[in-house]
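Scroll down for the structure; my scribbles are underneath it.
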Protein chains: 2
Amino acid sequence: MKLAVIGVGLIGGSFALALKQAKKVSHVVGVGRGRANLELARERGIIDSMAADASGCDVVLIAAPVAQFGTIFSSLKNFSGLITDGGSTKRDVIAAARGALGRNLSRFVPAHPIAGGEQSGAAAAKADLFNGKRVIVTPLPENEEKAVAGVQDLWRACGAHVSRMSAEEHDAVLSTVSHLPHLVAYAMAHDVAKRENAARLFEIAGAGFRDFTRLASSHPEMWRDICIANRDLVLADMEAFSRKLAHLKKLLQENDAAGLEKLFAEAREARNRWIQSS
Amino acid sequence: MKLAVIGVGLIGGSFALALKQAKKVSHVVGVGRGRANLELARERGIIDSMAADASGCDVVLIAAPVAQFGTIFSSLKNFSGLITDGGSTKRDVIAAARGALGRNLSRFVPAHPIAGGEQSGAAAAKADLFNGKRVIVTPLPENEEKAVAGVQDLWRACGAHVSRMSAEEHDAVLSTVSHLPHLVAYAMAHDVAKRENAARLFEIAGAGFRDFTRLASSHPEMWRDICIANRDLVLADMEAFSRKLAHLKKLLQENDAAGLEKLFAEAREARNRWIQSS
């Protein structure tokens, strides 16, 4: 099987390495705009050749920035293999696919591997990135079931657990457990950084603050695009979270010790139950 | 040197173990209300004997819940040694000391070791808890310089870095980098736990959400007391943070991609600079 990876970064490169290791693919074609990155990918054995597009391959993974998806889908209108992607939001990716893929829409099975982190580029790719991680697949009504099964098999071959849900549910769930926390972490780090006593604050901040703001070290452009792509749901989640914060503030203003303790205990219990079961 | 520890938990027990290891104290007296915990502390070699109060000792560390400090200070009115504490807030502790310690105020040097975590009790105590950690000492105008030096020496003997600041600055700084993040983490975990789709949300939440909400697994009673003790400053910080969040929401509402990216990049840069320098 011949795989094309469009965007040989952390996600794309790791997908190629994992499928090579699982002996699912024999040849990987790298497609991308960064020549130096592609050279590095070839040196590291991630890709075997470079090309301007995916033609002649059996499968293509689109792992480029989401802003480029429209152009990429247009280039795949006559592609005859399976198509999947690694985008962090799904409704916008599907809209782009509907606008550009034509009849090939039936073989595009959208996916979102919940892996990654603060590193990027072919230099960061590794064969075990998806091992034990979750990949959400959001099949389209137009999909052939064979295509869905094929794409799920590939992600499973990478060691991932595959969940299926609609693109709408995916975007709503990710807004709450990922996009909102990112925004809040960015807001907290920015709040502290812009205070008059910022130097003193960072001097005293400890491990709790470090973990709490870790998400604020994520890639600014990528998170700008995710927030804008998922804008309606993220705004609704910011609204819900602001209400929760206002409620907490009110409890404190009213010196409601019992109310504060109850909320803290409920939050702790829910989190601990989750940690223990996961 | 004979040390009394009032409240032989994570902080008090670790202080005793560290000073024994540093050969600064030869005998530790445990004072506390939990008999089973004191027995465990003796079995673990943290304390050598138990007593109703600190009399006859050269140094006392108060590491009980802050709500008990008034009574404890009253019992130390005629104590002739050095007094320090491990309370997480300092203005309230000092007010309690002023109300109850009498002329012994000159030998009470308030301290806050920034260590600890989710575990508690003598079972969790360990000799290296303070090693490389920061201890903030907030001396009083009434303190003899000898007492301040003596208390700082003890915390340094535990391996801690000692910073000196006023109780007011301590409480303001901790409100921003510790109390506020705790409240926000509790709010986030509670928000998710109370959603209709909570089970799905926790199923999909990953490592980012886990780190982001780690502070929400902290002790509810302890954090209730800290928030209430530091109420004025915590409320001001919640206000400032809510304004930052509202600003971020406005950028998203207005589809201001450049503004979002700028804020994210500034937050990331400040945090990365801090991580690299610490």
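Letters A, B, ... go to the chains of the structure tokens in the order shown; residues in each chain start at 1; ligands are counted from 1 in the same order.
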
Show which residues sit within 12 Å of Asp256 (chain B), as a compact mmCIF listing (two decimals) with C-alpha atoms, in the first residue's frame. Count only C-alpha atoms, and ignore same-chain residues fewer than 6 positions away.
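Listing of selection_12.txt after writing:
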```
# COMPACT_ATOMS: atom_id res chain seq x y z
CA ARG A 224 -6.32 30.91 16.52
CA ASP A 225 -7.59 28.79 13.61
CA CYS A 227 -11.08 28.86 17.88
CA ILE A 228 -12.28 30.64 14.78
CA ARG A 231 -16.38 29.85 17.06
CA HIS B 247 -11.77 40.55 26.35
CA LEU B 248 -10.86 37.21 24.79
CA LYS B 249 -14.53 36.49 24.16
CA LYS B 250 -14.92 39.84 22.45
CA LYS B 262 -1.33 38.21 19.37
CA LEU B 263 -2.78 37.44 22.80
```

Q. Could you list, as a ChimeraX atom specification, every residue of chain A that has an atom within 7 Å of an atom of chain B, counting only C-alpha atoms?
A. /A:173,177-178,181,186-191,193,201-202,205,208-209,211-213,215-217,220-221,224,228,231,235,241,244-245,249,252,255,257,260-261,264-268,270-272,274

Q: Could you give me, as a PyMOL selection string, the residues within 6 Å of region 23-39 of chain A, counting only C-alpha atoms and dropping anything in the same chain fewer than 6 positions from it?
A: chain A and resi 1-7+47-52

Q.
To test your reading of the structure, identify every residue in region 115-174 of chain B that backbone DSSP assigns to strand (DSSP E), and report it as a ChimeraX atom specification.
A. /B:134-137,161-164

Q: Taking the DSSP assignment computed from this structure's backbone, write out as a PyMOL selection string all residues of region 60-224 of chain A that belong to helix (DSSP H, G or I).
A: chain A and resi 66-75+91-100+102-107+122-124+145-157+167-193+198-204+207-212+214-217+220-224

Q: Find the spatial neighbours of region 92-101 of chain B, counting only C-alpha atoms, within a cut-off of 8 Å - ignore same-chain residues fewer than 4 positions away - and output them as a VMD selection string.
A: chain B and resid 66 69 to 70 73 to 74 76 to 77 87 105 110 229 to 230

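Within the 8 Å cut-off around Gln152 (chain A), using only C-alpha atoms and omitting residues fewer than 3 positions from it on the same chain, the listed residues are Val137, Val148, Ala149, Trp155, Arg156 and Val162 of chain A.
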
Q: To one decimal in Å, tell me the separation between CA of Val60 (chain B) and CA of Phe79 (chain B).
A: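 Taking CA of Val60 (chain B) and CA of Phe79 (chain B), their separation equals 9.1 Å.
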
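CA of Gln68 (chain A) sits 17.1 Å away from CA of Ser120 (chain A).
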
Q: In Å, rounded to a single decimal, give me how far CA of Gly116 (chain A) is from CA of Phe130 (chain A).
A: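 Those two atoms sit 8.6 Å apart.
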
Q. Counting only C-alpha atoms, what is within 12 Å of Ser14 (chain A), bar same-chain residues fewer than 2 positions away, as a ChimeraX atom specification?
A. /A:5,7-12,16-21,28,41,44-47,61,63,86,113,115-116,120-131,155,158-159
